[in-house]
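Data block for coords-v9.csv (CSV, C-alpha atoms and all ligand atoms):
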```
chain,number,residue,atom,x,y,z
A,296,MET,CA,-31.9,-35.4,8.7
A,297,PHE,CA,-34.7,-33.5,10.2
A,298,PHE,CA,-37.1,-36.1,9.1
A,299,ILE,CA,-35.0,-38.8,10.8
A,300,PHE,CA,-34.9,-36.6,14.0
A,301,ARG,CA,-38.7,-36.2,14.0
A,302,THR,CA,-39.5,-39.8,13.2
A,303,THR,CA,-36.8,-41.7,15.2
A,304,ILE,CA,-35.0,-39.5,17.7
A,305,LEU,CA,-37.8,-37.1,18.8
A,306,PRO,CA,-40.2,-39.8,20.0
A,307,ILE,CA,-37.4,-41.4,22.1
A,308,ILE,CA,-36.6,-38.0,23.6
A,309,VAL,CA,-40.3,-37.4,24.4
A,310,VAL,CA,-40.6,-40.8,26.0
A,311,LEU,CA,-37.5,-40.3,28.1
A,312,TYR,CA,-38.7,-36.8,29.0
A,313,LEU,CA,-42.2,-37.9,30.0
A,314,SER,CA,-41.0,-41.0,31.9
A,315,SER,CA,-38.3,-39.2,33.9
A,316,CYS,CA,-40.6,-36.4,35.0
A,317,VAL,CA,-42.5,-38.6,37.3
A,318,THR,CA,-39.7,-40.3,39.2
A,319,PRO,CA,-39.6,-39.1,42.8
A,320,SER,CA,-36.3,-39.2,44.5
A,321,SER,CA,-35.2,-38.8,48.1
A,322,THR,CA,-32.0,-36.8,47.5
A,323,PRO,CA,-31.7,-34.1,50.2
A,324,LEU,CA,-31.1,-30.5,49.4
A,325,PRO,CA,-27.5,-29.4,49.8
A,326,PRO,CA,-26.6,-26.5,52.1
A,327,SER,CA,-27.2,-23.1,50.5
A,328,THR,CA,-23.6,-22.1,50.9
A,329,THR,CA,-21.4,-22.4,47.9
A,330,THR,CA,-19.8,-25.8,47.6
A,331,PRO,CA,-18.0,-27.3,44.6
A,332,PRO,CA,-20.6,-29.4,42.7
A,333,THR,CA,-20.3,-33.1,43.4
A,334,ILE,CA,-21.6,-35.3,40.6
A,335,ALA,CA,-23.9,-37.9,42.1
A,336,THR,CA,-22.8,-41.4,41.2
A,337,SER,CA,-26.4,-42.3,40.2
A,338,ALA,CA,-26.4,-39.4,37.6
A,339,PRO,CA,-26.5,-40.6,34.0
A,340,THR,CA,-23.1,-40.4,32.5
A,341,GLN,CA,-24.5,-39.7,29.0
A,342,GLU,CA,-26.9,-36.9,28.2
A,343,PRO,CA,-29.9,-37.6,26.1
A,344,THR,CA,-29.6,-36.5,22.5
A,345,VAL,CA,-31.7,-33.4,23.0
A,346,ILE,CA,-29.4,-31.9,25.5
A,347,ALA,CA,-26.2,-31.5,23.5
A,348,PRO,CA,-26.2,-29.4,20.3
A,349,THR,CA,-24.5,-31.1,17.4
A,350,ILE,CA,-23.2,-27.8,16.2
A,351,ALA,CA,-20.8,-25.3,17.7
A,352,PRO,CA,-22.6,-22.2,19.2
A,353,THR,CA,-22.3,-19.3,16.8
A,354,VAL,CA,-22.0,-16.7,19.6
A,355,ASN,CA,-18.5,-15.3,19.8
A,356,PRO,CA,-17.1,-16.6,23.1
A,357,GLN,CA,-15.0,-13.4,23.3
A,358,SER,CA,-18.0,-11.2,23.5
A,359,PRO,CA,-18.4,-9.7,26.9
A,360,VAL,CA,-21.5,-11.0,28.6
A,361,SER,CA,-22.9,-7.5,28.9
A,362,ASN,CA,-23.1,-7.2,25.1
A,363,LEU,CA,-25.2,-10.4,24.8
A,364,LEU,CA,-28.9,-10.3,24.2
A,365,PRO,CA,-30.4,-10.6,27.7
A,366,ILE,CA,-32.6,-13.7,28.2
A,367,PHE,CA,-35.7,-14.2,30.4
A,368,ASP,CA,-35.8,-18.0,30.7
A,369,THR,CA,-39.5,-18.7,31.3
A,370,HIS,CA,-39.2,-22.5,31.8
A,371,ALA,CA,-36.7,-23.8,34.3
A,372,HIS,CA,-36.8,-26.2,37.3
A,373,TYR,CA,-34.5,-26.9,40.3
A,374,SER,CA,-36.1,-30.1,41.3
A,375,ARG,CA,-34.8,-32.7,43.8
A,376,ASN,CA,-33.0,-34.7,41.1
A,377,SER,CA,-30.6,-31.7,40.6
A,378,TRP,CA,-30.0,-30.9,44.3
A,379,SER,CA,-27.1,-33.4,44.8
A,380,VAL,CA,-25.4,-32.3,41.6
A,381,TYR,CA,-25.7,-28.5,41.8
A,382,SER,CA,-26.0,-26.3,44.8
A,383,PRO,CA,-28.4,-23.3,44.7
A,384,GLN,CA,-25.4,-21.0,44.3
A,385,ASP,CA,-24.2,-23.1,41.4
A,386,ILE,CA,-27.5,-22.6,39.7
A,387,ILE,CA,-27.4,-18.8,40.2
A,388,ASN,CA,-23.9,-18.8,38.8
A,389,LYS,CA,-25.0,-20.6,35.7
A,390,LEU,CA,-27.8,-18.1,35.1
A,391,ILE,CA,-25.3,-15.2,35.6
A,392,ASN,CA,-22.8,-16.8,33.2
A,393,ALA,CA,-25.4,-17.3,30.6
A,394,ASN,CA,-26.6,-13.7,30.9
A,395,VAL,CA,-30.0,-14.9,32.0
A,396,ALA,CA,-31.4,-11.9,33.8
A,397,ARG,CA,-34.6,-13.5,34.9
A,398,ALA,CA,-35.7,-17.1,35.2
A,399,LEU,CA,-39.2,-18.5,35.9
A,400,ILE,CA,-38.4,-21.4,38.2
A,401,SER,CA,-40.8,-24.1,39.4
A,402,SER,CA,-39.6,-27.1,41.2
A,403,SER,CA,-40.6,-30.5,42.5
A,404,PRO,CA,-40.9,-30.0,45.4
A,405,ASP,CA,-41.3,-26.3,45.7
A,406,GLU,CA,-38.4,-26.0,48.2
A,407,GLY,CA,-35.9,-25.9,45.3
A,408,THR,CA,-37.5,-22.7,44.0
A,409,ARG,CA,-37.5,-21.2,47.5
A,410,ARG,CA,-33.8,-21.9,48.0
A,411,LEU,CA,-32.9,-20.1,44.7
A,412,TYR,CA,-35.3,-17.2,45.4
A,413,GLU,CA,-33.6,-16.6,48.8
A,414,LEU,CA,-30.3,-16.2,47.1
A,415,ASP,CA,-31.4,-14.0,44.2
A,416,PRO,CA,-34.9,-12.6,44.5
A,417,VAL,CA,-34.5,-10.3,41.5
A,418,ARG,CA,-33.3,-12.9,39.0
A,419,ILE,CA,-35.6,-15.7,40.3
A,420,VAL,CA,-39.2,-15.4,39.4
A,421,PRO,CA,-41.1,-18.2,41.2
A,422,GLY,CA,-43.8,-20.4,39.8
A,423,LEU,CA,-45.7,-22.9,42.1
A,424,ARG,CA,-46.2,-26.5,41.1
A,425,PRO,CA,-48.1,-29.0,43.2
A,426,TYR,CA,-45.6,-31.9,42.7
A,427,HIS,CA,-44.1,-33.3,45.9
A,428,ASP,CA,-43.6,-36.7,47.5
A,429,ASP,CA,-45.9,-39.0,45.6
A,430,VAL,CA,-47.9,-36.2,44.0
A,431,THR,CA,-46.6,-36.2,40.4
A,432,THR,CA,-47.2,-35.1,36.9
A,433,THR,CA,-49.6,-37.9,36.3
A,434,ASN,CA,-51.8,-37.9,39.5
A,435,TRP,CA,-51.8,-34.3,40.8
A,436,GLU,CA,-55.2,-33.5,39.2
A,437,THR,CA,-56.9,-36.1,41.3
A,438,SER,CA,-54.7,-36.4,44.4
A,439,GLU,CA,-56.2,-35.4,47.7
A,440,LYS,CA,-52.8,-34.0,48.7
A,441,THR,CA,-52.8,-31.4,45.8
A,442,LEU,CA,-55.0,-28.6,47.2
A,443,PRO,CA,-53.6,-28.6,50.8
A,444,TYR,CA,-50.1,-28.3,49.3
A,445,LEU,CA,-51.1,-25.4,47.1
A,446,GLU,CA,-53.1,-23.7,49.8
A,447,GLU,CA,-50.1,-23.6,52.1
A,448,ARG,CA,-48.2,-21.6,49.5
A,449,ILE,CA,-50.3,-19.9,47.0
A,450,ASP,CA,-51.0,-16.7,48.9
A,451,SER,CA,-47.3,-15.9,49.1
A,452,PRO,CA,-46.7,-12.8,46.9
A,453,ILE,CA,-43.6,-14.4,45.4
A,454,TYR,CA,-45.4,-16.5,42.9
A,455,VAL,CA,-46.4,-15.3,39.4
A,456,ALA,CA,-47.5,-18.6,37.9
A,457,LEU,CA,-49.2,-21.9,38.7
A,458,GLY,CA,-47.0,-24.5,37.0
A,459,GLU,CA,-45.4,-25.9,35.1
A,460,ILE,CA,-48.4,-28.3,35.5
A,461,HIS,CA,-49.1,-31.3,33.2
A,462,VAL,CA,-52.7,-31.1,32.2
A,463,HIS,CA,-54.5,-34.2,30.8
A,464,VAL,CA,-57.7,-33.6,28.9
A,465,GLN,CA,-59.5,-36.5,30.6
A,466,ASN,CA,-59.0,-34.8,34.0
A,467,ILE,CA,-60.4,-31.4,33.0
A,468,GLU,CA,-63.6,-32.1,34.9
A,469,SER,CA,-61.8,-33.1,38.1
A,470,PRO,CA,-62.9,-30.8,41.0
A,471,ILE,CA,-59.3,-30.8,42.3
A,472,PHE,CA,-58.0,-29.6,38.9
A,473,GLN,CA,-60.7,-27.0,38.6
A,474,ASN,CA,-60.2,-25.7,42.2
A,475,ALA,CA,-56.5,-25.4,41.6
A,476,VAL,CA,-57.2,-23.3,38.5
A,477,LYS,CA,-59.8,-21.2,40.2
A,478,ARG,CA,-57.5,-20.5,43.1
A,479,ALA,CA,-54.7,-19.5,40.8
A,480,LEU,CA,-56.8,-17.2,38.7
A,481,ALA,CA,-58.1,-15.5,41.9
A,482,ARG,CA,-54.5,-14.7,42.6
A,483,ASN,CA,-53.9,-13.5,39.0
A,484,LEU,CA,-51.4,-16.2,38.4
A,485,ILE,CA,-50.4,-17.2,34.9
A,486,LEU,CA,-51.2,-20.9,34.1
A,487,HIS,CA,-48.0,-22.6,32.8
A,488,ILE,CA,-49.3,-25.7,31.1
A,489,HIS,CA,-47.7,-28.7,29.6
A,490,SER,CA,-50.2,-30.2,27.2
A,491,ASP,CA,-51.2,-30.7,23.6
A,492,ALA,CA,-53.4,-28.3,21.6
A,493,GLU,CA,-56.6,-30.1,22.3
A,494,THR,CA,-56.1,-29.7,26.1
A,495,ILE,CA,-55.4,-26.0,25.7
A,496,ARG,CA,-58.7,-25.6,24.0
A,497,ALA,CA,-60.4,-27.6,26.8
A,498,VAL,CA,-58.8,-25.4,29.5
A,499,TYR,CA,-60.1,-22.3,27.8
A,500,LYS,CA,-63.6,-23.7,28.0
A,501,ILE,CA,-63.5,-23.8,31.8
A,502,ALA,CA,-61.3,-20.7,32.2
A,503,PRO,CA,-61.9,-18.4,29.2
A,504,ASP,CA,-60.1,-15.4,30.8
A,505,ALA,CA,-57.0,-17.3,31.9
A,506,LYS,CA,-53.6,-16.2,30.8
A,507,ILE,CA,-51.8,-19.3,29.7
A,508,LEU,CA,-48.1,-19.9,29.0
A,509,TRP,CA,-48.1,-23.1,26.9
A,510,ALA,CA,-45.0,-25.1,27.6
A,511,HIS,CA,-42.7,-26.4,24.9
A,512,ALA,CA,-45.0,-24.9,22.1
A,513,GLY,CA,-47.1,-28.0,22.7
A,514,LEU,CA,-44.0,-30.3,22.7
A,515,ILE,CA,-45.3,-32.4,19.8
A,516,GLU,CA,-47.4,-29.8,17.9
A,517,SER,CA,-46.1,-28.3,14.6
A,518,PRO,CA,-45.3,-24.6,14.4
A,519,GLN,CA,-48.3,-24.3,12.1
A,520,THR,CA,-50.6,-25.8,14.8
A,521,VAL,CA,-49.1,-23.5,17.4
A,522,SER,CA,-49.7,-20.5,15.2
A,523,GLN,CA,-53.3,-21.5,14.7
A,524,VAL,CA,-54.0,-22.0,18.5
A,525,LEU,CA,-52.3,-18.6,19.2
A,526,ASP,CA,-54.8,-17.1,16.6
A,527,GLU,CA,-57.7,-18.7,18.5
A,528,PHE,CA,-56.7,-17.4,22.0
A,529,PRO,CA,-55.4,-13.8,22.5
A,530,ASN,CA,-54.4,-14.6,26.1
A,531,LEU,CA,-52.1,-17.5,25.1
A,532,TRP,CA,-48.3,-17.3,25.1
A,533,THR,CA,-45.9,-20.2,24.5
A,534,ASP,CA,-42.4,-21.0,25.5
A,535,ILE,CA,-40.1,-22.9,23.1
A,536,SER,CA,-38.2,-25.1,25.6
A,537,ILE,CA,-37.1,-28.5,24.4
A,538,ARG,CA,-37.9,-27.4,20.8
A,539,GLU,CA,-34.6,-25.5,20.4
A,540,TYR,CA,-32.9,-28.0,18.1
A,541,SER,CA,-35.8,-28.4,15.8
A,542,ILE,CA,-36.2,-24.6,15.7
A,543,ALA,CA,-32.6,-24.2,14.5
A,544,PRO,CA,-31.2,-27.5,13.2
A,545,ASN,CA,-27.5,-27.1,12.5
A,546,GLY,CA,-27.8,-23.6,14.0
A,547,LYS,CA,-29.9,-22.1,11.1
A,548,LEU,CA,-33.3,-20.9,12.0
A,549,SER,CA,-35.9,-23.0,10.2
A,550,ASP,CA,-38.4,-21.3,7.8
A,551,GLU,CA,-41.5,-22.8,9.5
A,552,TRP,CA,-40.5,-21.6,13.0
A,553,SER,CA,-39.3,-18.3,11.7
A,554,ALA,CA,-42.8,-17.8,10.2
A,555,LEU,CA,-44.4,-18.5,13.6
A,556,PHE,CA,-42.1,-16.0,15.4
A,557,LEU,CA,-42.7,-13.3,12.8
A,558,LYS,CA,-46.5,-13.8,12.9
A,559,HIS,CA,-46.7,-13.8,16.7
A,560,PRO,CA,-43.6,-11.9,17.9
A,561,ASP,CA,-45.4,-10.7,21.0
A,562,ARG,CA,-46.4,-14.1,22.4
A,563,ILE,CA,-43.4,-16.4,22.2
A,564,THR,CA,-40.8,-16.8,25.1
A,565,ILE,CA,-37.6,-18.6,25.7
A,566,GLY,CA,-37.3,-21.6,28.0
A,567,SER,CA,-34.6,-24.1,28.8
A,568,ASP,CA,-36.6,-26.7,30.8
A,569,THR,CA,-33.9,-27.9,33.2
A,570,TRP,CA,-36.0,-31.0,34.2
A,571,ILE,CA,-32.9,-33.1,34.9
A,572,PRO,CA,-29.4,-32.1,36.1
A,573,GLU,CA,-28.0,-32.8,32.6
A,574,ARG,CA,-30.0,-29.8,31.3
A,575,TRP,CA,-28.3,-27.6,33.9
A,576,THR,CA,-24.9,-29.1,32.8
A,577,SER,CA,-25.7,-28.0,29.3
A,578,TYR,CA,-27.4,-24.8,30.3
A,579,GLU,CA,-25.0,-22.3,28.8
A,580,LYS,CA,-24.9,-24.2,25.5
A,581,ILE,CA,-28.7,-24.3,25.4
A,582,ILE,CA,-28.9,-20.5,26.0
A,583,GLU,CA,-26.1,-19.8,23.5
A,584,HIS,CA,-28.0,-21.9,20.9
A,585,ASP,CA,-31.2,-19.9,21.5
A,586,ARG,CA,-29.3,-16.6,21.3
A,587,ALA,CA,-27.8,-17.7,18.0
A,588,TRP,CA,-31.1,-18.3,16.3
A,589,LEU,CA,-32.7,-15.2,18.0
A,590,ASN,CA,-29.9,-13.2,16.3
A,591,GLN,CA,-31.2,-14.4,12.9
A,592,LEU,CA,-34.5,-12.5,13.5
A,593,PRO,CA,-35.0,-8.8,13.3
A,594,ARG,CA,-33.5,-7.2,16.4
A,595,GLU,CA,-36.9,-6.0,17.6
A,596,VAL,CA,-38.5,-9.4,17.4
A,597,ALA,CA,-35.4,-11.1,18.9
A,598,GLU,CA,-35.7,-8.8,22.0
A,599,GLN,CA,-39.5,-9.5,22.3
A,600,ILE,CA,-38.9,-13.2,22.4
A,601,ALA,CA,-35.7,-13.0,24.4
A,602,PHE,CA,-37.2,-11.0,27.3
A,603,ARG,CA,-39.7,-8.3,26.5
A,604,ASN,CA,-42.8,-10.6,26.2
A,605,ALA,CA,-42.0,-12.3,29.5
A,606,VAL,CA,-41.4,-9.0,31.3
A,607,LYS,CA,-44.9,-7.9,30.2
A,608,LEU,CA,-46.6,-11.2,30.8
A,609,PHE,CA,-45.3,-11.6,34.4
A,610,GLY,CA,-45.7,-7.9,35.2
A,611,ILE,CA,-42.0,-7.4,36.2
A,612,LYS,CA,-42.0,-4.0,37.7
A,613,ASP,CA,-38.3,-3.1,37.3
A,614,ALA,CA,-36.7,-4.5,34.3
A,615,SER,CA,-34.4,-1.6,33.6
A,616,ASP,CA,-31.4,-3.9,33.9
A,617,LEU,CA,-32.7,-5.8,30.8
A,618,GLN,CA,-33.8,-2.9,28.7
A,619,LYS,CA,-30.9,-0.6,28.7
B,701,ZN,ZN,-43.0,-29.9,30.4
B,702,ZN,ZN,-40.6,-28.4,32.5
```
What is this structure when it is put down as structure tokens?
Ligand SMILES: [Zn+2]
Ligand SMILES: [Zn+2]
Amino acid sequence: MFFIFRTTILPIIVVLYLSSCVTPSSTPLPPSTTTPPTIATSAPTQEPTVIAPTIAPTVNPQSPVSNLLPIFDTHAHYSRNSWSVYSPQDIINKLINANVARALISSSPDEGTRRLYELDPVRIVPGLRPYHDDVTTTNWETSEKTLPYLEERIDSPIYVALGEIHVHVQNIESPIFQNAVKRALARNLILHIHSDAETIRAVYKIAPDAKILWAHAGLIESPQTVSQVLDEFPNLWTDISIREYSIAPNGKLSDEWSALFLKHPDRITIGSDTWIPERWTSYEKIIEHDRAWLNQLPREVAEQIAFRNAVKLFGIKDASDLQK
């Protein structure tokens, strides 16, 4: 079953994911006041396979939210494609309902992050990504519009990360890419990078002191490769977004992922990756699924991955609400 998932379903998911990331839309942001969510008629009626778990979550629905393991979601977006489906207040409510105490949010364009931050500046931890208008995942490293957009925003104290950015190894030498990285590091921002292992190694050649949060555990890399790359770079962390159903197929934590978590308990974080509105629709299910496999690890390790690593990585000053 897992083999079929990897060979047949996973490549489709990856293609869908990569192709949808780059589609700009002109949907306006809804008012920030709470309004009932209206489902856009253009929204897909069926969710991609990766979104819906095939198993019932193992968390007891009767458990009061306060007893659940708190989560720091280190990979979420509120991009334009979600604005007509969920208002900013809807998103905050989803985080509260899932007992997600902090969420690293980056959005295309950045305005989505700002609207959430205005509503809940404690829960929302902003990341800055350069994508806007026709600057996308595929051309930002070479677009003349990238640096002016970042310059306008990057000195704001609200940001803790540059990214999520999609980095392509062939663009590592681009002056625009290198300037963006340099500027981010001067501000002590974490680089939140979507790439494969080869690209992570290339980024460390030009920025050996960077703290990098590697998105999706490399997306297509095996847990063994992820473990090896974590061994190579002590300032590398990784979020497991989009990998959740290979981490725990049928709800049971897989041995190979468990080995990675136990070897590097201090450098793994949780992520949901709400890159399309359907991921927000399934948000509570995704977090419940993550919480269920986290609960199969020793409690100390589960807490590190659930929130402690992210609190440390992003230097959250007051996290007493998570750690009681
Ligand atoms: Zn990504
Ligand atoms: Zn993402």
So that I can check the surroundings of Arg562 (chain A), please list as a ChimeraX atom specification every protein, DNA and RNA residue that reaches within 7 Å of it, counting all atoms listed in the file and ignoring chain neighbours fewer than 3 positions away. /A:532-533,559,604
Give me, as a PyMOL selection string, all polymer residues having an atom no more than 7 Å from region 494-496 of chain A, counting only C-alpha atoms and skipping those fewer than 3 positions away in the same chain. chain A and resi 463-464+490-491+499-500
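Counting from CA of His370 (chain A), the distance to CA of His461 (chain A) is 13.3 Å.
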Output the neighbourhood of ligand ZN 702 (chain B) as a ChimeraX atom specification, that is, all protein and nucleic acid residues with some atom at most 12 Å from the ligand, counting all atoms listed in the file. /A:312-313,315-317,368-374,399-403,422,424,426,432,458-461,487-490,508-514,534-537,566-571,574
Long-range neighbours of region 445-453 of chain A as a PDB file with C-alpha atoms, in the frame of the given file, 12 Å cut-off, only C-alpha atoms, 6 positions minimum in chain:
```pdb
ATOM      1  CA  LEU A 399     -39.200 -18.500  35.900  1.00  0.00           C
ATOM      2  CA  ILE A 400     -38.400 -21.400  38.200  1.00  0.00           C
ATOM      3  CA  SER A 401     -40.800 -24.100  39.400  1.00  0.00           C
ATOM      4  CA  PRO A 404     -40.900 -30.000  45.400  1.00  0.00           C
ATOM      5  CA  ASP A 405     -41.300 -26.300  45.700  1.00  0.00           C
ATOM      6  CA  GLU A 406     -38.400 -26.000  48.200  1.00  0.00           C
ATOM      7  CA  THR A 408     -37.500 -22.700  44.000  1.00  0.00           C
ATOM      8  CA  ARG A 409     -37.500 -21.200  47.500  1.00  0.00           C
ATOM      9  CA  TYR A 412     -35.300 -17.200  45.400  1.00  0.00           C
ATOM     10  CA  GLU A 413     -33.600 -16.600  48.800  1.00  0.00           C
ATOM     11  CA  PRO A 416     -34.900 -12.600  44.500  1.00  0.00           C
ATOM     12  CA  VAL A 417     -34.500 -10.300  41.500  1.00  0.00           C
ATOM     13  CA  ILE A 419     -35.600 -15.700  40.300  1.00  0.00           C
ATOM     14  CA  VAL A 420     -39.200 -15.400  39.400  1.00  0.00           C
ATOM     15  CA  PRO A 421     -41.100 -18.200  41.200  1.00  0.00           C
ATOM     16  CA  GLY A 422     -43.800 -20.400  39.800  1.00  0.00           C
ATOM     17  CA  LEU A 423     -45.700 -22.900  42.100  1.00  0.00           C
ATOM     18  CA  ARG A 424     -46.200 -26.500  41.100  1.00  0.00           C
ATOM     19  CA  PRO A 425     -48.100 -29.000  43.200  1.00  0.00           C
ATOM     20  CA  TYR A 426     -45.600 -31.900  42.700  1.00  0.00           C
ATOM     21  CA  HIS A 427     -44.100 -33.300  45.900  1.00  0.00           C
ATOM     22  CA  VAL A 430     -47.900 -36.200  44.000  1.00  0.00           C
ATOM     23  CA  TRP A 435     -51.800 -34.300  40.800  1.00  0.00           C
ATOM     24  CA  SER A 438     -54.700 -36.400  44.400  1.00  0.00           C
ATOM     25  CA  GLU A 439     -56.200 -35.400  47.700  1.00  0.00           C
ATOM     26  CA  ILE A 471     -59.300 -30.800  42.300  1.00  0.00           C
ATOM     27  CA  PHE A 472     -58.000 -29.600  38.900  1.00  0.00           C
ATOM     28  CA  ASN A 474     -60.200 -25.700  42.200  1.00  0.00           C
ATOM     29  CA  ALA A 475     -56.500 -25.400  41.600  1.00  0.00           C
ATOM     30  CA  VAL A 476     -57.200 -23.300  38.500  1.00  0.00           C
ATOM     31  CA  LYS A 477     -59.800 -21.200  40.200  1.00  0.00           C
ATOM     32  CA  ARG A 478     -57.500 -20.500  43.100  1.00  0.00           C
ATOM     33  CA  ALA A 479     -54.700 -19.500  40.800  1.00  0.00           C
ATOM     34  CA  LEU A 480     -56.800 -17.200  38.700  1.00  0.00           C
ATOM     35  CA  ALA A 481     -58.100 -15.500  41.900  1.00  0.00           C
ATOM     36  CA  ARG A 482     -54.500 -14.700  42.600  1.00  0.00           C
ATOM     37  CA  ASN A 483     -53.900 -13.500  39.000  1.00  0.00           C
ATOM     38  CA  LEU A 484     -51.400 -16.200  38.400  1.00  0.00           C
ATOM     39  CA  PHE A 609     -45.300 -11.600  34.400  1.00  0.00           C
ATOM     40  CA  ILE A 611     -42.000  -7.400  36.200  1.00  0.00           C
TER      41      ILE A 611
END
```
Mind pulling up the distance from CA of Gln591 (chain A) to CA of Ile391 (chain A)? 23.5 Å
Please complete region 445-461 of chain A with N, CA and C atoms and give it back as a CSV table (one decimal), keeping the file's coordinate frame.
```csv
chain,number,residue,atom,x,y,z
A,445,LEU,N,-51.0,-26.7,47.7
A,445,LEU,CA,-51.1,-25.4,47.1
A,445,LEU,C,-51.6,-24.3,48.1
A,446,GLU,N,-52.6,-24.7,48.9
A,446,GLU,CA,-53.1,-23.7,49.8
A,446,GLU,C,-52.1,-23.2,50.8
A,447,GLU,N,-51.2,-24.0,51.2
A,447,GLU,CA,-50.1,-23.6,52.1
A,447,GLU,C,-49.2,-22.5,51.5
A,448,ARG,N,-49.2,-22.5,50.2
A,448,ARG,CA,-48.2,-21.6,49.5
A,448,ARG,C,-48.7,-20.5,48.6
A,449,ILE,N,-49.9,-20.7,48.1
A,449,ILE,CA,-50.3,-19.9,47.0
A,449,ILE,C,-50.6,-18.4,47.3
A,450,ASP,N,-50.8,-18.1,48.6
A,450,ASP,CA,-51.0,-16.7,48.9
A,450,ASP,C,-49.7,-15.9,49.1
A,451,SER,N,-48.6,-16.6,49.0
A,451,SER,CA,-47.3,-15.9,49.1
A,451,SER,C,-47.2,-15.0,47.9
A,452,PRO,N,-46.8,-13.8,48.1
A,452,PRO,CA,-46.7,-12.8,46.9
A,452,PRO,C,-45.6,-13.2,46.0
A,453,ILE,N,-44.7,-14.1,46.3
A,453,ILE,CA,-43.6,-14.4,45.4
A,453,ILE,C,-44.0,-15.0,44.1
A,454,TYR,N,-45.1,-15.7,44.0
A,454,TYR,CA,-45.4,-16.5,42.9
A,454,TYR,C,-46.1,-15.7,41.8
A,455,VAL,N,-45.7,-16.0,40.5
A,455,VAL,CA,-46.4,-15.3,39.4
A,455,VAL,C,-47.1,-16.3,38.5
A,456,ALA,N,-46.9,-17.6,38.8
A,456,ALA,CA,-47.5,-18.6,37.9
A,456,ALA,C,-47.9,-19.9,38.7
A,457,LEU,N,-48.9,-20.6,38.3
A,457,LEU,CA,-49.2,-21.9,38.7
A,457,LEU,C,-48.6,-22.8,37.6
A,458,GLY,N,-47.6,-23.6,38.0
A,458,GLY,CA,-47.0,-24.5,37.0
A,458,GLY,C,-45.5,-24.4,37.1
A,459,GLU,N,-44.9,-25.1,36.2
A,459,GLU,CA,-45.4,-25.9,35.1
A,459,GLU,C,-46.3,-27.1,35.6
A,460,ILE,N,-47.5,-27.1,35.1
A,460,ILE,CA,-48.4,-28.3,35.5
A,460,ILE,C,-48.6,-29.1,34.2
A,461,HIS,N,-48.7,-30.4,34.4
A,461,HIS,CA,-49.1,-31.3,33.2
A,461,HIS,C,-50.6,-31.5,33.3
```
